[in-house]
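Shown next, in C-alpha cells, is the structure this report addresses.
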Amino acid sequence: MAWATPVSKDVEAPVGGSTLMIVYVTLAIGSAFCVLARSVLLVTAGYKTATTLFNKMHLCIFRAPMSFFDATPSGRILNRASTDQSAVDLNIPFQVGSFAFSMIQLLGIIAVMSQVAWQQYYIPSARELARLVGVCKAPVIQHFAETISGSTTIRSFDQEPRFKELSVKLIDAHSRPKFYSAAAMEWLCFWLDVLSSITFAFSLVFLISMPTGAIDPSVAGLAVTYGLNLNTLQVSVIWNLCNLENKIISVERIFQYTSIQSESPLVIEENRPGSQWPSHGDVHIQDLQVRYAPNMPLVLRGLTCTFPRGMKTGIVGRTGSGKSTLIQTLFRIVEPAAGQILIDGIVIFSIGLHDLRSRLSIIPQDPTMFEGIVRSNLDPLEEHTDEQIWEALDKCQLGDEVRNKEGKLDSAVTENGENWSMGQRQLVCLGRVLLKKSKVLVLDEATASVDTATDNLIQQTLKQHFTDCTVLTIAHRITSVVDSDMVLLLDHGLIEEFDSPTKLLENKSSSFAKLVAE
C-alpha cells in the first residue's frame, strides 16, 4: 500500500489500478499455495511420525516379557496409548506449525529481540509439571477401568462411596499439577505483555525523539503499525514454543515404551522344528530353576521329572508351590535361570517362541473370547473348514447351542464373550484345543471357575478325545486329578511326591493323601 499510494492528491500514483490488482491476486494465489504446502507438509510429517512411534510402541509392548505386565499397571499402558498418542496424532504437528508460522511472523517484524531471562525459570518448571500431569493421569484411568470391570462386586458390597471418594482424590491429584501448569503459563503471558509493552514504549520514545527529517514519516508510521502487533505475535511465539515443549513430553513417554526389553525371537530360522513336532508328546524336565527377576529368590528349585507320552498328569500343591510357574516356563512366558525342558528330544529354549507356543495347547482358568463371531473365536487363523468346526463343537457339547442361534457360526460374540456364560466360554476354549489337535495339552486350573456339571463334561471330553495326548492339569479341585495317570505334588518349588494317585492315596502318610483329606 505504501508503494502504490501517491504522496499527495496532486501527484499521480506510481502504479495503476490494474497492476495493483494483479499484484494482489498474485500474492493471494502464492499465499494460498504456501498455506496448502504447509498444511500438506504438517499432516504428512505428523502422520508418518505418529505412525512410526505407535508401531514401535505397539511392537515393544506386545513383545514385552510377562514381568513387564506384572510390574506395569494397565492404566499406565492405556495412558501412553491413548492420551500421549492422541497428543502426538492431533496436537504436536499443529503446535509445530503454529510455532514456526508465528516465529516467521515475529522475525519479519522485529530483527533483533533481547534474550529473555524467564526461560531459566519457566521452561524447567513447566516441563516437570507436564511430566507430573502425565504420571498422575495413569492412576485415574486405572481406577476407572477397575471400577467398571468390578462394578457388580462394588454394588453388591455397597462400596460405591469408597470408590467415589478414591476417584475424587485421584482426580484432584491429577488436577493439581494441571492447575499449576496453567498458572505458570499465565505468569509467562503476564511478563511477556510487560516486556512487549516496554519494548513498544521505548520504540515510540525513540521515534519521537529523533530529529525532524532523520527518518521518513511513512516508514516511521509503518514501524509503529507493525509494532502494535509485536505484543500479540511475541506472546504467540513464546506460547506456542512452551506449549510445544510441554506436549513433546508425550513423545518422550512413548519413547520410553519403545525401548522395552523384548522376549526371545519368535522364529529362529536355523533351528526350526519339523512340521509334525511334537509327534509323541514326551516332556522331560532337567534340573529346572526359575526366578521371576535376577534379584528375587528361586521359585522352582531344581525340578527333574518326565511326563510320558499319552499320560495325564495332575500337578497339585499349595499356593506358592510353583504350579503355575512350571506351566509359564513350559510356554516360555518366564525364562529359566538354569535347567532345560525337552519335548520329543528338542530343547524348547533353543527354538523360536512362535514355533513353541503354536505347537502347544492350553485351557486357561479365565476363558477368553474375542468380540466377533463364533467361527473367528474357534478358528481365529481360519485354518479349518466349517465341518471341522461343527465337529469340534459337537465334541465339546456346544453344537446344539450354536445351532439354536440365529446366525449359527456367524452368531455375534460381544466383548469378552459377555453374552456367553462362564461354562460356555470354557467349552469354547476346549473347542479350540480340539481343532488344534496338539500332542501336549495344559489345563491351568481350567475348571476352577465353572460348575460341577461343566467340570464333569470337560473331564469326560478329555478322556474321550485326548487319549494319545500328554495332558498336564493344574488342579484347584483335587477330585479333578484323582483320575489322572500320575500326580506331581510340588512344595516350595521342589518335587515332594510323583506317583500314581492310587499308590499315593493308599499311603495315608503321603502329603497327597493329607491334601485330599483336607
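Each chain of the C-alpha cells is named A, B, ... in the order shown, its residues numbered from 1; ligands are numbered from 1 in display order.
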
query = Near range 177-183 of chain A, within 10 Å and counting only C-alpha atoms, which residues show up once chain neighbours fewer than 4 positions away are dropped, as an NGL selection string?
reply = :A and (122 or 125-134 or 136 or 172-173 or 187-189 or 246)

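Proximity to Val235 in chain A was assessed for A:Ser196, A:Lys164, A:Arg253, A:Val267 counting only C-alpha atoms; the smallest distance is recorded for A:Ser196.
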
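Put simply, CA of Val482 in chain A is 22.9 Å away from CA of Cys429 in chain A.
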
remark   = Min atom-atom distance to Phe307 in chain A from the set A:Ser236, A:Thr325, A:Ser156, A:Thr470, counting only C-alpha atoms, belongs to A:Thr470

ask   = Out of range 265-327 of chain A, which residues get alpha helix (DSSP H) from DSSP, as a PyMOL selection string?
value = chain A and resi 323-327

inquiry  = Neighbouring residues of Ile268 in chain A were defined as those with any atom within 10 Å, considering only C-alpha atoms; residues of the same chain fewer than 6 positions away were excluded. Please report them as a PyMOL selection string.
reply    = chain A and resi 350-355

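Distance annotation: of A:Ala517, A:Val140, A:Leu228, A:Leu472, the residue with the minimal separation from Lys169 in chain A is A:Val140; atom set is only C-alpha atoms.
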
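Closest to Asn243 in chain A among A:Ala184, A:Ile333, A:Leu462, A:Val442 is A:Ala184, based on only C-alpha atoms.
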
request  = Give the answer as one residue: which of A:Phe190, A:Phe498, A:Tyr24, A:Phe94 has the shortest atom-to-atom distance to Tyr47 in chain A, using only C-alpha atoms?
outcome  = A:Phe94

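Counting only C-alpha atoms, the residue from A:Phe69, A:Tyr257, A:Trp239, A:Phe144 that sits nearest to Leu53 in chain A is A:Tyr257.
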
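Residue neighbourhood of range 388-402 of chain A, excluding near-sequence residues (fewer than 3 positions): Thr385, Lys405, Lys408, Gly431 and Leu434 of chain A, at 6 Å, using only C-alpha atoms.
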
task = Determine, counting only C-alpha atoms, which protein, DNA and RNA residues have an atom within 9 Å of an atom of Val135 in chain A; residues of the same chain fewer than 5 positions away are not included. Present the result as a PyMOL selection string.
result = chain A and resi 76+79+130+174

Could those selected residues go to a file with C-alpha atoms, as a short mmCIF file (atom, residue, chain, number, x, y, z; two decimals), in the first residue's frame?
```cif
data_model
loop_
_atom_site.label_atom_id
_atom_site.label_comp_id
_atom_site.auth_asym_id
_atom_site.auth_seq_id
_atom_site.Cartn_x
_atom_site.Cartn_y
_atom_site.Cartn_z
CA ARG A 76 -0.25 -46.65 32.63
CA ASN A 79 -2.41 -43.66 29.19
CA ALA A 130 3.82 -31.61 32.22
CA HIS A 174 -4.27 -35.09 38.55
#
```
